[in-house]
Amino acid sequence: MLKKNILIIEPDKILADTYKKVLDNSYFNIQVVATAQEGILAADAHCPDLVICELQLVNHGGIEFIYEFRSYKDWQSIPLIIFSSVPPTEFADSQNLMIDQLAVSRYLYKPNTTNLQLIKTVDELLA
Amino acid sequence: MDLLKKQYSNTSHQLLLSVAEQMKLPLLQIARQAELGVMGVENNYTTIQTLAENSLHLLDGYSLSLQLAHQYGYQFVTESVSVAAVLYDANQQLQSLAKLYDVQLELNIGGKYGPVIANRKALESAIVGLASALIEVIPAQMNSNCSTLHLATHRCRYGIVAGVYASVPGLSREALRKGRKLYGLSRQPLVGISHSSGTGIFVADSIFRAMKLNLHVSRHRRLYGLGVVLSPSSQLALV
């Protein structure tokens with residue numbers, strides 16, 4: 001069985017290592033990068049099956065990354081999870097933007113999302 | 001006087017918000033690390049201990065900055081302090097955090113600098129706050145080839161500089177000026193430097209301000225960093 005590629009864009013090293021350990025199993029190849037620019041380069045090199053992205057990044061933010069990512073035709077249907085410390089209530093007025101324009105599959109608020117919930121969401125999207 | 005009090009109150013309020021925002025990160029890290037243990041993946045008690053201790057340092061620094069600014073039951077004493085000793089102690093405190101983030105700590109305390117006039121506890125707390133903030137930032141930078149943080153001292157024409165230095169792109173006077181305006185109001189006041197609220201920098205800034213010192217962007221050898229100019233204690237240098 002072919003392994004699925006998951007790209008995680010997470011600037012904090014401790015959290016990145018934790019999520020990598022959580023998702024690392026025989027079904028997934030995990031790649032972790034810290035910035036939006038590295039995310040685009042990694043997506044180009046490895047063609048992910050799923051992207052998990054934090055919004056608070058150094059320099060270019062997560063929303064900028066998603067705009068850039070979705071601007072390429074090949075990447076428009078790849079499931080994308082926003083996994084952020086920014087509460088989703090701050091985007092309450094932008095639901096249409098998130099779903100229609102950026103095609104965000106799920107918005108997970110980090111403080112309320114356990115490792116098990118993350119695994120469950122990833123499994124659902126890659127099923 | 002009222003204006004001064006109001007200004008202090010505003011900055012205290014901003015600092016409190018910034019500390020609250022910053023504290024979310026280590027608590028989240030600890031919660032997820034603990035969950036890894038519960039899941040039977042890995043027991044990282046050392047990591048949890050380091051993260052908790054570093055958070056306690058930040059809280060200590062924050063309460064010290066308030067005590068200094070408002071003179072709440074804390075007698076602010078300036079004394080003759082060895083910068084090298086302060087940097088050495090800060091380095092010892094930061095070793096485990098640096099190891100977690102794969103950052104090398106290097107002490108550059110060579111050179112015969114006499115003692116300076118400062119409050120030792122406050123100076124050490126501020127240096128630890130600054131360094132912790134930069135340790136967290138270094139792996140989050142793109143192409144961070146340089147993963148070394150230097151705790152260094154050097155002489156300048158105004159006195160003796162103590163600071164923390166690394167090749168962090170985006171660290172500039174302008175970034176620090178903007179950050180000072182935005183901390184507590186924005187989640188990412190230093191957007192070109194840090195993904196978090198970078199509160200260690202603002203706690204240190206607040207401590208230095210209370211000590212009538214000025215945190216600024218400075219250079220050490222070819223590295224950019226944050227430092228403070230301290231006045232040499234010439235009286236004791238004669239002893």
# chains A, B, ... in the order shown; residues from 1 in each chain; ligands from 1

call {"tool": "residues_around", "arguments": {"residues": "range 158-164 of chain B", "least_positions_apart": "3", "cutoff": "8 Å", "atoms": "only C-alpha atoms", "output": "NGL selection string"}}
result
:B and (83 or 113 or 116 or 127 or 130-131 or 149-155 or 225-232)

call {"tool": "residues_around", "arguments": {"residues": "Glu53 in chain B", "least_positions_apart": "4", "cutoff": "12 Å", "atoms": "only C-alpha atoms", "output": "VMD selection string"}}
result
chain B and resid 26 to 27 30 46 to 49 57 to 60 93 to 97 128 132

call {"tool": "write_last_selection", "arguments": {"atoms": "N, CA and C atoms", "output": "PDB file, in the first residue's frame"}}
result
ATOM      1  N   PRO B  26       3.507  27.284  25.998  1.00  0.00           N
ATOM      2  CA  PRO B  26       4.066  26.188  26.805  1.00  0.00           C
ATOM      3  C   PRO B  26       2.991  25.282  27.404  1.00  0.00           C
ATOM      4  N   LEU B  27       1.839  25.861  27.744  1.00  0.00           N
ATOM      5  CA  LEU B  27       0.778  25.004  28.299  1.00  0.00           C
ATOM      6  C   LEU B  27       0.280  24.012  27.243  1.00  0.00           C
ATOM      7  N   ILE B  30       2.956  21.375  26.822  1.00  0.00           N
ATOM      8  CA  ILE B  30       2.947  20.435  27.949  1.00  0.00           C
ATOM      9  C   ILE B  30       1.752  19.485  27.830  1.00  0.00           C
ATOM     10  N   THR B  46      11.214  14.986  30.964  1.00  0.00           N
ATOM     11  CA  THR B  46      12.265  16.016  30.953  1.00  0.00           C
ATOM     12  C   THR B  46      11.808  17.228  30.145  1.00  0.00           C
ATOM     13  N   THR B  47      11.181  16.946  28.990  1.00  0.00           N
ATOM     14  CA  THR B  47      10.677  18.047  28.153  1.00  0.00           C
ATOM     15  C   THR B  47       9.629  18.847  28.914  1.00  0.00           C
ATOM     16  N   ILE B  48       8.712  18.142  29.542  1.00  0.00           N
ATOM     17  CA  ILE B  48       7.651  18.821  30.293  1.00  0.00           C
ATOM     18  C   ILE B  48       8.253  19.673  31.408  1.00  0.00           C
ATOM     19  N   GLN B  49       9.238  19.109  32.090  1.00  0.00           N
ATOM     20  CA  GLN B  49       9.885  19.847  33.186  1.00  0.00           C
ATOM     21  C   GLN B  49      10.548  21.127  32.656  1.00  0.00           C
ATOM     22  N   HIS B  57      10.142  30.973  34.708  1.00  0.00           N
ATOM     23  CA  HIS B  57      11.106  32.077  34.578  1.00  0.00           C
ATOM     24  C   HIS B  57      10.428  33.301  33.975  1.00  0.00           C
ATOM     25  N   LEU B  58       9.588  33.040  32.958  1.00  0.00           N
ATOM     26  CA  LEU B  58       8.892  34.160  32.308  1.00  0.00           C
ATOM     27  C   LEU B  58       7.973  34.860  33.312  1.00  0.00           C
ATOM     28  N   LEU B  59       7.251  34.069  34.081  1.00  0.00           N
ATOM     29  CA  LEU B  59       6.341  34.656  35.070  1.00  0.00           C
ATOM     30  C   LEU B  59       7.114  35.417  36.153  1.00  0.00           C
ATOM     31  N   ASP B  60       8.252  34.860  36.551  1.00  0.00           N
ATOM     32  CA  ASP B  60       9.111  35.552  37.525  1.00  0.00           C
ATOM     33  C   ASP B  60       9.552  36.904  36.972  1.00  0.00           C
ATOM     34  N   GLN B  93      21.017  28.445  33.098  1.00  0.00           N
ATOM     35  CA  GLN B  93      19.553  28.308  33.201  1.00  0.00           C
ATOM     36  C   GLN B  93      18.912  27.925  31.881  1.00  0.00           C
ATOM     37  N   LEU B  94      19.562  28.352  30.775  1.00  0.00           N
ATOM     38  CA  LEU B  94      18.933  28.186  29.457  1.00  0.00           C
ATOM     39  C   LEU B  94      19.334  26.901  28.730  1.00  0.00           C
ATOM     40  N   GLN B  95      20.302  26.188  29.281  1.00  0.00           N
ATOM     41  CA  GLN B  95      20.845  25.027  28.561  1.00  0.00           C
ATOM     42  C   GLN B  95      19.771  24.017  28.142  1.00  0.00           C
ATOM     43  N   SER B  96      18.895  23.665  29.079  1.00  0.00           N
ATOM     44  CA  SER B  96      17.931  22.600  28.756  1.00  0.00           C
ATOM     45  C   SER B  96      16.908  23.067  27.717  1.00  0.00           C
ATOM     46  N   LEU B  97      16.501  24.332  27.790  1.00  0.00           N
ATOM     47  CA  LEU B  97      15.555  24.849  26.789  1.00  0.00           C
ATOM     48  C   LEU B  97      16.209  24.869  25.403  1.00  0.00           C
ATOM     49  N   VAL B 128      17.669  36.249  30.557  1.00  0.00           N
ATOM     50  CA  VAL B 128      17.039  34.933  30.375  1.00  0.00           C
ATOM     51  C   VAL B 128      15.767  35.079  29.522  1.00  0.00           C
ATOM     52  N   SER B 132      15.395  33.309  25.924  1.00  0.00           N
ATOM     53  CA  SER B 132      14.326  32.309  25.739  1.00  0.00           C
ATOM     54  C   SER B 132      13.503  32.638  24.503  1.00  0.00           C
TER      55      SER B 132
END

call {"tool": "interface_residues", "arguments": {"of": "chain B", "to": "chain A", "cutoff": "6 Å", "atoms": "only C-alpha atoms", "output": "CSV table (one decimal) with C-alpha atoms, in the first residue's frame"}}
result
chain,number,residue,atom,x,y,z
B,140,ALA,CA,11.1,28.9,13.0
B,191,VAL,CA,5.8,39.3,12.7
B,192,GLY,CA,9.1,39.2,10.8
B,194,SER,CA,8.7,35.4,15.8
B,195,HIS,CA,5.6,33.3,15.3

call {"tool": "atom_distance", "arguments": {"atom1": "CA of Ser105 in chain A", "atom2": "CA of Gly39 in chain A"}}
result
17.7 Å

call {"tool": "select_by_dssp", "arguments": {"residues": "range 9-112 of chain A", "states": "alpha helix (DSSP H)", "output": "PyMOL selection string"}}
result
chain A and resi 13-23+36-46+62-70+95-96

call {"tool": "write_last_selection", "arguments": {"atoms": "N, CA and C atoms", "output": "compact mmCIF listing (two decimals), in the first residue's frame"}}
result
# COMPACT_ATOMS: atom_id res chain seq x y z
N LYS A 13 8.99 24.26 17.14
CA LYS A 13 9.69 22.98 16.99
C LYS A 13 9.13 21.89 17.89
N ILE A 14 8.79 22.26 19.12
CA ILE A 14 8.30 21.24 20.07
C ILE A 14 6.96 20.68 19.58
N LEU A 15 6.06 21.58 19.18
CA LEU A 15 4.76 21.11 18.69
C LEU A 15 4.92 20.32 17.39
N ALA A 16 5.80 20.80 16.52
CA ALA A 16 6.02 20.11 15.25
C ALA A 16 6.49 18.68 15.49
N ASP A 17 7.45 18.53 16.41
CA ASP A 17 7.96 17.19 16.74
C ASP A 17 6.84 16.32 17.32
N THR A 18 6.02 16.94 18.17
CA THR A 18 4.92 16.17 18.79
C THR A 18 3.95 15.67 17.73
N TYR A 19 3.52 16.56 16.85
CA TYR A 19 2.53 16.16 15.84
C TYR A 19 3.13 15.14 14.86
N LYS A 20 4.42 15.28 14.62
CA LYS A 20 5.07 14.30 13.74
C LYS A 20 5.02 12.91 14.38
N LYS A 21 5.33 12.86 15.68
CA LYS A 21 5.30 11.58 16.39
C LYS A 21 3.89 10.99 16.41
N VAL A 22 2.90 11.88 16.59
CA VAL A 22 1.52 11.43 16.69
C VAL A 22 1.05 10.81 15.37
N LEU A 23 1.43 11.43 14.26
CA LEU A 23 0.91 10.98 12.96
C LEU A 23 1.81 9.97 12.27
N ALA A 36 6.01 29.51 5.47
CA ALA A 36 5.15 29.42 4.29
C ALA A 36 5.98 29.13 3.03
N GLN A 37 7.12 29.81 2.91
CA GLN A 37 7.97 29.60 1.73
C GLN A 37 8.44 28.15 1.65
N GLU A 38 8.86 27.63 2.79
CA GLU A 38 9.32 26.23 2.82
C GLU A 38 8.15 25.30 2.50
N GLY A 39 6.95 25.70 2.91
CA GLY A 39 5.76 24.91 2.63
C GLY A 39 5.51 24.75 1.15
N ILE A 40 5.64 25.86 0.42
CA ILE A 40 5.44 25.81 -1.04
C ILE A 40 6.51 24.94 -1.70
N LEU A 41 7.75 25.12 -1.24
CA LEU A 41 8.85 24.32 -1.81
C LEU A 41 8.64 22.83 -1.53
N ALA A 42 8.21 22.53 -0.30
CA ALA A 42 8.00 21.13 0.08
C ALA A 42 6.84 20.53 -0.69
N ALA A 43 5.79 21.31 -0.89
CA ALA A 43 4.63 20.81 -1.65
C ALA A 43 5.04 20.51 -3.09
N ASP A 44 5.88 21.38 -3.64
CA ASP A 44 6.36 21.20 -5.00
C ASP A 44 7.22 19.93 -5.12
N ALA A 45 8.02 19.69 -4.09
CA ALA A 45 8.94 18.55 -4.14
C ALA A 45 8.25 17.22 -3.83
N HIS A 46 7.28 17.23 -2.94
CA HIS A 46 6.72 15.95 -2.46
C HIS A 46 5.26 15.70 -2.78
N GLY A 62 -0.16 32.07 7.45
CA GLY A 62 -0.79 30.87 6.92
C GLY A 62 -1.81 31.17 5.83
N ILE A 63 -2.56 32.26 5.99
CA ILE A 63 -3.56 32.60 4.97
C ILE A 63 -2.88 32.90 3.63
N GLU A 64 -1.74 33.60 3.70
CA GLU A 64 -0.98 33.88 2.47
C GLU A 64 -0.53 32.58 1.81
N PHE A 65 -0.07 31.65 2.68
CA PHE A 65 0.36 30.35 2.15
C PHE A 65 -0.80 29.66 1.43
N ILE A 66 -1.98 29.67 2.07
CA ILE A 66 -3.12 28.94 1.48
C ILE A 66 -3.53 29.58 0.14
N TYR A 67 -3.54 30.91 0.10
CA TYR A 67 -3.84 31.58 -1.18
C TYR A 67 -2.87 31.14 -2.27
N GLU A 68 -1.59 31.16 -1.92
CA GLU A 68 -0.56 30.77 -2.89
C GLU A 68 -0.73 29.30 -3.29
N PHE A 69 -0.95 28.46 -2.30
CA PHE A 69 -1.08 27.02 -2.52
C PHE A 69 -2.27 26.72 -3.43
N ARG A 70 -3.38 27.35 -3.15
CA ARG A 70 -4.59 27.11 -3.94
C ARG A 70 -4.54 27.74 -5.33
N GLN A 95 -16.54 32.76 6.70
CA GLN A 95 -16.80 31.35 6.40
C GLN A 95 -16.76 31.06 4.90
N ASN A 96 -17.36 31.98 4.13
CA ASN A 96 -17.40 31.77 2.67
C ASN A 96 -16.00 31.77 2.08

call {"tool": "atom_distance", "arguments": {"atom1": "CA of Glu124 in chain A", "atom2": "CA of Ile81 in chain A"}}
result
11.6 Å

call {"tool": "atom_distance", "arguments": {"atom1": "CA of Ile78 in chain A", "atom2": "CA of Glu90 in chain A"}}
result
24.3 Å

call {"tool": "closest_residue", "arguments": {"among": "A:Ile30, A:Asp24, A:Val122, A:Lys73", "to": "Arg106 in chain A", "atoms": "only C-alpha atoms"}}
result
A:Val122

call {"tool": "select_by_dssp", "arguments": {"residues": "range 4-94 of chain A", "states": "strand (DSSP E or B)", "output": "list in words"}}
result
Lys4, Asn5, Ile6, Leu7, Ile8, Ile9, Phe28, Asn29, Ile30, Gln31, Val32, Val33, Leu50, Val51, Ile52, Cys53, Leu80, Ile81, Ile82, Phe83 and Ser84 of chain A

call {"tool": "residues_around", "arguments": {"residues": "Lys212 in chain B", "least_positions_apart": "5", "cutoff": "12 Å", "atoms": "only C-alpha atoms", "output": "number ranges by chain"}}
result
B: 68-69, 76, 78, 117-119, 122-123, 205-207, 228-231
